[in-house]
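Q: Input file: structure28.cif. Contents: mmCIF, C-alpha atoms.
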data_query
#
loop_
_atom_site.group_PDB
_atom_site.id
_atom_site.type_symbol
_atom_site.label_atom_id
_atom_site.label_comp_id
_atom_site.auth_asym_id
_atom_site.auth_seq_id
_atom_site.Cartn_x
_atom_site.Cartn_y
_atom_site.Cartn_z
ATOM 1 C CA MET R 14 -7.148 36.368 -2.435
ATOM 2 C CA ILE R 15 -10.895 36.665 -2.682
ATOM 3 C CA TRP R 16 -12.564 33.989 -4.840
ATOM 4 C CA LEU R 17 -9.806 31.452 -4.209
ATOM 5 C CA TRP R 18 -12.065 29.870 -1.564
ATOM 6 C CA LEU R 19 -14.238 28.654 -4.445
ATOM 7 C CA ALA R 20 -11.610 26.184 -5.726
ATOM 8 C CA PRO R 21 -11.474 23.969 -2.580
ATOM 9 C CA LEU R 22 -15.274 24.123 -2.304
ATOM 10 C CA ILE R 23 -15.613 22.824 -5.880
ATOM 11 C CA LEU R 24 -12.943 20.195 -5.214
ATOM 12 C CA ALA R 25 -14.840 18.979 -2.130
ATOM 13 C CA LEU R 26 -18.200 18.900 -3.952
ATOM 14 C CA ASP R 27 -16.643 17.028 -6.862
ATOM 15 C CA GLN R 28 -14.949 14.429 -4.675
ATOM 16 C CA LEU R 29 -18.084 13.969 -2.528
ATOM 17 C CA THR R 30 -20.291 13.326 -5.567
ATOM 18 C CA LYS R 31 -17.741 10.925 -7.083
ATOM 19 C CA TRP R 32 -17.485 9.045 -3.780
ATOM 20 C CA MET R 33 -21.291 8.810 -3.544
ATOM 21 C CA VAL R 34 -21.556 7.414 -7.073
ATOM 22 C CA ALA R 35 -18.634 4.978 -6.689
ATOM 23 C CA SER R 36 -19.892 3.699 -3.327
ATOM 24 C CA THR R 37 -23.537 3.182 -4.353
ATOM 25 C CA MET R 38 -23.281 2.077 -7.982
ATOM 26 C CA VAL R 39 -21.354 -0.521 -9.944
ATOM 27 C CA GLU R 40 -19.362 0.516 -12.983
ATOM 28 C CA SER R 41 -21.509 0.897 -16.144
ATOM 29 C CA GLN R 42 -24.691 0.999 -14.056
ATOM 30 C CA SER R 43 -27.169 3.597 -15.262
ATOM 31 C CA ILE R 44 -30.040 5.040 -13.206
ATOM 32 C CA PRO R 45 -32.726 7.095 -14.997
ATOM 33 C CA VAL R 46 -33.338 10.444 -13.276
ATOM 34 C CA LEU R 47 -35.411 12.216 -15.947
ATOM 35 C CA GLY R 48 -36.259 9.240 -18.099
ATOM 36 C CA ASP R 49 -33.812 8.639 -20.922
ATOM 37 C CA PHE R 50 -32.858 12.335 -21.117
ATOM 38 C CA PHE R 51 -30.832 12.460 -17.864
ATOM 39 C CA ARG R 52 -29.295 9.421 -16.210
ATOM 40 C CA LEU R 53 -26.631 8.773 -13.630
ATOM 41 C CA THR R 54 -24.207 6.428 -15.376
ATOM 42 C CA PHE R 55 -21.076 5.392 -13.484
ATOM 43 C CA ILE R 56 -18.037 5.101 -15.741
ATOM 44 C CA HIS R 57 -14.287 5.517 -15.449
ATOM 45 C CA ASN R 58 -12.706 7.831 -17.988
ATOM 46 C CA ARG R 59 -9.002 7.442 -18.775
ATOM 47 C CA GLY R 60 -9.113 10.252 -21.346
ATOM 48 C CA ALA R 61 -9.160 14.021 -21.037
ATOM 49 C CA ALA R 62 -12.280 16.176 -21.247
ATOM 50 C CA PHE R 63 -15.241 14.240 -22.646
ATOM 51 C CA GLY R 64 -13.109 11.113 -23.087
ATOM 52 C CA ILE R 65 -10.588 12.582 -25.537
ATOM 53 C CA ASP R 66 -7.485 10.388 -25.382
ATOM 54 C CA VAL R 67 -4.134 12.181 -25.540
ATOM 55 C CA GLY R 68 -1.927 9.286 -24.484
ATOM 56 C CA SER R 69 -0.875 7.599 -21.271
ATOM 57 C CA PRO R 70 -2.337 8.423 -17.837
ATOM 58 C CA LEU R 71 1.004 10.013 -16.920
ATOM 59 C CA LEU R 72 0.768 12.316 -19.958
ATOM 60 C CA HIS R 73 -2.772 13.314 -18.928
ATOM 61 C CA LEU R 74 -1.554 14.054 -15.413
ATOM 62 C CA LEU R 75 1.440 16.089 -16.622
ATOM 63 C CA PHE R 76 -0.730 18.090 -19.011
ATOM 64 C CA SER R 77 -3.211 18.759 -16.190
ATOM 65 C CA LEU R 78 -0.455 19.902 -13.830
ATOM 66 C CA VAL R 79 1.020 22.285 -16.428
ATOM 67 C CA ALA R 80 -2.450 23.733 -17.116
ATOM 68 C CA LEU R 81 -3.034 24.045 -13.365
ATOM 69 C CA GLY R 82 0.234 25.950 -12.974
ATOM 70 C CA ALA R 83 -0.669 28.297 -15.822
ATOM 71 C CA LEU R 84 -4.091 28.971 -14.309
ATOM 72 C CA GLY R 85 -2.514 29.623 -10.926
ATOM 73 C CA TRP R 86 -0.111 32.127 -12.496
ATOM 74 C CA VAL R 87 -2.942 33.958 -14.295
ATOM 75 C CA PHE R 88 -4.907 34.062 -11.016
ATOM 76 C CA TYR R 89 -1.912 35.395 -9.087
ATOM 77 C CA THR R 90 -1.127 38.092 -11.672
ATOM 78 C CA ALA R 91 -4.749 39.157 -12.304
ATOM 79 C CA PRO R 92 -5.570 42.756 -11.403
ATOM 80 C CA PRO R 93 -7.192 43.063 -7.947
ATOM 81 C CA GLY R 94 -10.472 44.386 -9.390
ATOM 82 C CA ALA R 95 -10.895 41.542 -11.895
ATOM 83 C CA ARG R 96 -13.627 39.749 -9.927
ATOM 84 C CA LEU R 97 -15.196 37.811 -12.798
ATOM 85 C CA LEU R 98 -11.751 36.731 -14.007
ATOM 86 C CA ARG R 99 -10.785 35.488 -10.536
ATOM 87 C CA CYS R 100 -14.145 33.754 -10.064
ATOM 88 C CA SER R 101 -13.874 31.951 -13.404
ATOM 89 C CA LEU R 102 -10.249 30.954 -12.741
ATOM 90 C CA SER R 103 -11.270 29.564 -9.338
ATOM 91 C CA MET R 104 -13.950 27.444 -11.018
ATOM 92 C CA VAL R 105 -11.471 26.049 -13.523
ATOM 93 C CA LEU R 106 -8.873 25.474 -10.786
ATOM 94 C CA GLY R 107 -11.347 23.643 -8.543
ATOM 95 C CA GLY R 108 -12.567 21.449 -11.384
ATOM 96 C CA ALA R 109 -9.051 20.708 -12.613
ATOM 97 C CA LEU R 110 -7.990 19.758 -9.088
ATOM 98 C CA GLY R 111 -10.980 17.414 -8.785
ATOM 99 C CA ASN R 112 -9.960 15.457 -11.871
ATOM 100 C CA ILE R 113 -6.249 15.557 -10.933
ATOM 101 C CA VAL R 114 -7.076 13.977 -7.561
ATOM 102 C CA ASP R 115 -8.788 11.118 -9.422
ATOM 103 C CA ARG R 116 -5.846 10.680 -11.799
ATOM 104 C CA VAL R 117 -3.364 10.539 -8.919
ATOM 105 C CA ARG R 118 -5.563 8.291 -6.766
ATOM 106 C CA ILE R 119 -6.959 5.810 -9.321
ATOM 107 C CA GLU R 120 -5.317 6.812 -12.661
ATOM 108 C CA LYS R 121 -8.707 7.575 -14.204
ATOM 109 C CA VAL R 122 -11.628 9.946 -13.625
ATOM 110 C CA VAL R 123 -15.054 9.042 -12.255
ATOM 111 C CA ASP R 124 -17.855 10.364 -14.502
ATOM 112 C CA PHE R 125 -21.608 10.012 -14.006
ATOM 113 C CA PHE R 126 -23.755 12.799 -15.546
ATOM 114 C CA ASP R 127 -25.301 11.305 -18.686
ATOM 115 C CA PHE R 128 -27.515 13.464 -20.949
ATOM 116 C CA GLY R 129 -29.063 12.685 -24.305
ATOM 117 C CA LEU R 130 -31.873 11.074 -26.209
ATOM 118 C CA SER R 131 -31.762 7.438 -27.215
ATOM 119 C CA ASP R 132 -28.392 6.828 -28.923
ATOM 120 C CA LEU R 133 -27.604 10.553 -29.260
ATOM 121 C CA ARG R 134 -25.769 11.150 -25.962
ATOM 122 C CA TRP R 135 -23.370 13.796 -24.699
ATOM 123 C CA PRO R 136 -20.167 12.264 -23.304
ATOM 124 C CA VAL R 137 -20.609 11.347 -19.621
ATOM 125 C CA PHE R 138 -19.073 13.963 -17.299
ATOM 126 C CA ASN R 139 -18.811 15.013 -13.640
ATOM 127 C CA VAL R 140 -19.021 18.035 -11.310
ATOM 128 C CA ALA R 141 -15.378 18.983 -11.994
ATOM 129 C CA ASP R 142 -15.997 19.014 -15.755
ATOM 130 C CA THR R 143 -19.076 21.178 -15.209
ATOM 131 C CA PHE R 144 -17.140 23.837 -13.314
ATOM 132 C CA VAL R 145 -14.232 23.749 -15.769
ATOM 133 C CA THR R 146 -16.700 24.340 -18.620
ATOM 134 C CA ILE R 147 -18.541 27.160 -16.807
ATOM 135 C CA GLY R 148 -15.218 28.720 -15.794
ATOM 136 C CA ILE R 149 -13.868 28.628 -19.350
ATOM 137 C CA PHE R 150 -17.100 30.161 -20.659
ATOM 138 C CA LEU R 151 -16.777 32.979 -18.089
ATOM 139 C CA LEU R 152 -13.112 33.441 -19.058
ATOM 140 C CA ILE R 153 -14.167 33.899 -22.678
ATOM 141 C CA VAL R 154 -16.806 36.423 -21.600
ATOM 142 C CA THR R 155 -14.267 38.225 -19.396
ATOM 143 C CA TYR R 156 -11.623 38.441 -22.099
ATOM 144 C CA SER R 157 -14.118 39.466 -24.775
ATOM 145 C CA ARG R 158 -15.375 42.274 -22.521
ATOM 146 C CA THR R 159 -11.768 43.322 -21.875
ATOM 147 C CA GLN R 160 -11.072 43.417 -25.610
ATOM 148 C CA GLU R 161 -14.179 45.541 -26.219
ATOM 149 C CA ALA R 162 -13.140 47.971 -23.489
ATOM 150 C CA GLU R 163 -9.701 48.359 -25.078
ATOM 151 C CA ILE R 164 -11.057 49.244 -28.527
ATOM 152 C CA PRO R 165 -11.016 53.053 -28.712
ATOM 153 C CA ALA R 166 -14.229 54.804 -29.597
ATOM 154 C CA PRO R 167 -14.193 56.507 -33.003
ATOM 155 C CA ASP R 168 -13.122 60.138 -32.910
ATOM 156 C CA PRO R 169 -16.242 62.268 -33.434
ATOM 157 C CA HIS R 170 -14.057 64.923 -35.083
ATOM 158 C CA PRO R 171 -11.561 63.238 -37.395
ATOM 159 C CA PRO R 172 -8.624 65.263 -38.745
ATOM 160 C CA GLY R 173 -9.734 67.647 -41.455
ATOM 161 C CA ASP R 174 -13.264 67.897 -40.023
ATOM 162 C CA LEU R 175 -14.268 71.575 -40.018
ATOM 163 C CA ALA R 176 -16.969 71.186 -37.403
#
Would you mind writing the file's structure down as C-alpha coordinates?

A:
Amino acid sequence: MIWLWLAPLILALDQLTKWMVASTMVESQSIPVLGDFFRLTFIHNRGAAFGIDVGSPLLHLLFSLVALGALGWVFYTAPPGARLLRCSLSMVLGGALGNIVDRVRIEKVVDFFDFGLSDLRWPVFNVADTFVTIGIFLLIVTYSRTQEAEIPAPDPHPPGDLA
(Lines of atoms letter the chains of each structure in order from A and count residues from 1; the text may use other names and numbers.)
(Lines give C-alpha, C1' and ligand atoms only; values in the text may rest on other atoms or scores of the structure.)
Protein backbone atom coordinates (compact mmCIF):
# COMPACT_ATOMS: atom_id res chain seq x y z
CA MET A 1 0.00 0.00 0.00
CA ILE A 2 2.37 2.64 -1.26
CA TRP A 3 1.56 6.19 -0.09
CA LEU A 4 -0.15 4.98 3.08
CA TRP A 5 3.10 5.75 4.95
CA LEU A 6 2.29 9.43 4.43
CA ALA A 7 -0.72 9.37 6.79
CA PRO A 8 1.20 8.44 9.99
CA LEU A 9 3.97 10.89 9.04
CA ILE A 10 1.41 13.72 8.77
CA LEU A 11 -0.23 12.59 12.01
CA ALA A 12 3.14 12.69 13.81
CA LEU A 13 4.05 16.12 12.38
CA ASP A 14 0.64 17.48 13.33
CA GLN A 15 0.77 16.17 16.89
CA LEU A 16 4.38 17.35 17.35
CA THR A 17 3.56 20.90 16.25
CA LYS A 18 0.43 21.00 18.44
CA TRP A 19 2.44 19.75 21.43
CA MET A 20 5.13 22.39 20.81
CA VAL A 21 2.55 25.18 20.66
CA ALA A 22 0.56 23.96 23.69
CA SER A 23 3.69 23.48 25.80
CA THR A 24 5.32 26.84 25.00
CA MET A 25 2.35 29.20 24.67
CA VAL A 26 -0.71 30.07 26.72
CA GLU A 27 -4.13 29.96 25.13
CA SER A 28 -4.96 33.10 23.07
CA GLN A 29 -1.28 34.10 23.01
CA SER A 30 -0.17 35.41 19.63
CA ILE A 31 3.44 35.64 18.42
CA PRO A 32 4.19 37.66 15.26
CA VAL A 33 6.29 35.68 12.77
CA LEU A 34 5.96 37.89 9.68
CA GLY A 35 4.57 40.98 11.32
CA ASP A 36 0.79 41.13 11.38
CA PHE A 37 0.48 38.98 8.24
CA PHE A 38 1.52 35.66 9.84
CA ARG A 39 1.31 34.94 13.55
CA LEU A 40 1.33 31.88 15.75
CA THR A 41 -1.88 32.18 17.77
CA PHE A 42 -2.72 29.35 20.16
CA ILE A 43 -6.45 28.63 20.30
CA HIS A 44 -8.69 25.65 20.95
CA ASN A 45 -11.31 24.99 18.30
CA ARG A 46 -14.42 23.00 19.24
CA GLY A 47 -15.86 23.33 15.73
CA ALA A 48 -15.12 21.57 12.47
CA ALA A 49 -12.91 22.96 9.71
CA PHE A 50 -12.20 26.66 10.20
CA GLY A 51 -14.35 26.76 13.34
CA ILE A 52 -17.64 25.75 11.71
CA ASP A 53 -19.89 24.42 14.48
CA VAL A 54 -22.02 21.39 13.62
CA GLY A 55 -23.10 20.48 17.14
CA SER A 56 -21.67 18.64 20.12
CA PRO A 57 -18.07 17.36 20.33
CA LEU A 58 -19.43 13.82 20.06
CA LEU A 59 -21.20 14.72 16.79
CA HIS A 60 -17.95 16.19 15.44
CA LEU A 61 -16.10 13.02 16.40
CA LEU A 62 -18.73 10.73 14.84
CA PHE A 63 -18.77 12.75 11.63
CA SER A 64 -14.96 12.61 11.50
CA LEU A 65 -14.93 8.84 12.03
CA VAL A 66 -17.51 8.26 9.27
CA ALA A 67 -15.50 10.46 6.88
CA LEU A 68 -12.33 8.61 7.88
CA GLY A 69 -13.99 5.27 7.11
CA ALA A 70 -15.17 6.52 3.72
CA LEU A 71 -11.68 7.77 2.87
CA GLY A 72 -10.18 4.46 3.94
CA TRP A 73 -12.62 2.59 1.69
CA VAL A 74 -11.80 4.82 -1.31
CA PHE A 75 -8.07 4.29 -0.64
CA TYR A 76 -8.50 0.52 -0.38
CA THR A 77 -10.57 0.28 -3.58
CA ALA A 78 -8.47 2.72 -5.64
CA PRO A 79 -6.79 1.24 -8.72
CA PRO A 80 -3.14 0.29 -8.08
CA GLY A 81 -1.83 2.84 -10.60
CA ALA A 82 -3.74 5.78 -9.10
CA ARG A 83 -0.70 7.35 -7.41
CA LEU A 84 -2.00 10.92 -7.14
CA LEU A 85 -5.33 9.65 -5.80
CA ARG A 86 -3.60 7.53 -3.15
CA CYS A 87 -1.23 10.37 -2.23
CA SER A 88 -4.08 12.85 -1.81
CA LEU A 89 -6.15 10.36 0.20
CA SER A 90 -3.16 9.74 2.48
CA MET A 91 -2.86 13.48 3.10
CA VAL A 92 -6.54 13.76 4.00
CA LEU A 93 -6.35 10.63 6.17
CA GLY A 94 -3.29 11.88 8.06
CA GLY A 95 -4.83 15.29 8.65
CA ALA A 96 -8.18 13.84 9.70
CA LEU A 97 -6.43 11.50 12.13
CA GLY A 98 -4.51 14.43 13.62
CA ASN A 99 -7.70 16.31 14.45
CA ILE A 100 -9.49 13.13 15.61
CA VAL A 101 -6.67 12.47 18.10
CA ASP A 102 -7.25 15.96 19.54
CA ARG A 103 -11.02 15.43 19.74
CA VAL A 104 -10.59 12.11 21.56
CA ARG A 105 -7.83 13.40 23.85
CA ILE A 106 -9.08 16.89 24.77
CA GLU A 107 -12.50 17.21 23.00
CA LYS A 108 -11.26 20.14 20.92
CA VAL A 109 -8.57 20.84 18.32
CA VAL A 110 -5.39 22.86 18.82
CA ASP A 111 -4.99 25.53 16.11
CA PHE A 112 -2.16 28.04 15.71
CA PHE A 113 -1.49 29.23 12.12
CA ASP A 114 -2.94 32.74 11.90
CA PHE A 115 -2.83 34.65 8.58
CA GLY A 116 -4.35 37.98 7.63
CA LEU A 117 -4.07 41.72 7.68
CA SER A 118 -5.34 43.78 10.57
CA ASP A 119 -8.93 42.64 11.29
CA LEU A 120 -9.22 40.68 8.02
CA ARG A 121 -7.96 37.26 9.17
CA TRP A 122 -8.31 33.73 7.86
CA PRO A 123 -9.63 31.34 10.53
CA VAL A 124 -6.76 29.95 12.64
CA PHE A 125 -5.76 26.43 11.54
CA ASN A 126 -3.12 23.72 12.05
CA VAL A 127 -0.89 21.25 10.18
CA ALA A 128 -3.71 18.67 9.95
CA ASP A 129 -6.04 21.23 8.35
CA THR A 130 -3.30 22.15 5.88
CA PHE A 131 -2.87 18.57 4.69
CA VAL A 132 -6.62 17.96 4.54
CA THR A 133 -6.98 21.06 2.34
CA ILE A 134 -4.06 20.12 0.06
CA GLY A 135 -5.34 16.54 -0.15
CA ILE A 136 -8.86 17.65 -1.09
CA PHE A 137 -7.46 20.00 -3.73
CA LEU A 138 -5.43 17.11 -5.20
CA LEU A 139 -8.54 14.89 -5.10
CA ILE A 140 -10.42 17.49 -7.13
CA VAL A 141 -7.54 17.64 -9.61
CA THR A 142 -7.39 13.84 -9.78
CA TYR A 143 -11.11 13.42 -10.36
CA SER A 144 -11.27 16.25 -12.89
CA ARG A 145 -8.42 14.65 -14.85
CA THR A 146 -10.23 11.30 -14.67
CA GLN A 147 -13.41 12.89 -16.00
CA GLU A 148 -11.50 14.51 -18.88
CA ALA A 149 -9.89 11.19 -19.77
CA GLU A 150 -13.31 9.51 -19.89
CA ILE A 151 -14.81 12.04 -22.31
CA PRO A 152 -14.48 10.48 -25.77
CA ALA A 153 -12.75 12.49 -28.45
CA PRO A 154 -15.05 13.67 -31.25
CA ASP A 155 -15.23 11.30 -34.20
CA PRO A 156 -13.25 12.88 -37.05
CA HIS A 157 -15.58 11.14 -39.52
CA PRO A 158 -19.16 11.42 -38.29
CA PRO A 159 -21.85 9.26 -39.90
CA GLY A 160 -22.79 10.55 -43.32
CA ASP A 161 -19.34 12.11 -43.86
CA LEU A 162 -18.19 11.24 -47.39
CA ALA A 163 -14.52 11.82 -46.70

Q: Could you state which residues are captured by the PyMOL selection byres ((chain R and resi 14-31) around 10) in this file, as a PyMOL selection string?

A: chain R and resi 32-36+55+88-89+93+96-115+122-125+139-144

Q: Quick one: which residues end up in the PyMOL selection byres ((chain R and resi 127-136) around 7) for this structure, as a PyMOL selection string?

A: chain R and resi 49-54+63+125-126+137-138

Q: Go ahead and compute the interatomic distance for atom CA of Ala91 of chain R and atom CA of Thr155 of chain R, in Å to one decimal.

A: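 The value is 11.9 Å.
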
Q: Taking all atoms of segment 73-77 of chain R that appear in the file, build a box with edges along x, y and z, extend it by 5 Å on every side, and state its centre and edge lengths in Å to one decimal, as lines of an AutoDock Vina configuration file.

A:
center_x = -0.9
center_y = 16.0
center_z = -17.2
size_x = 14.7
size_y = 15.4
size_z = 13.6

Q: Using only C-alpha atoms, can you tell me which of R:Leu84, R:Pro92, R:Leu72, R:Arg118 comes closest to Leu152 of chain R?

A: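 Once distances to Leu152 of chain R are computed over only C-alpha atoms, the minimum belongs to R:Leu84.
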
Q: Please indicate the distance in Å from atom CA of Ile56 of chain R to atom CA of Gly148 of chain R, rounded to one decimal place.

A: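 Going from atom CA of Ile56 of chain R over to atom CA of Gly148 of chain R, I get 23.8 Å.
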
Q: Find the distance between atom CA of Ser41 of chain R and atom CA of Thr146 of chain R and write it in Å to one decimal.

A: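 Atom CA of Thr146 of chain R lies at a distance of 24.1 Å from atom CA of Ser41 of chain R.
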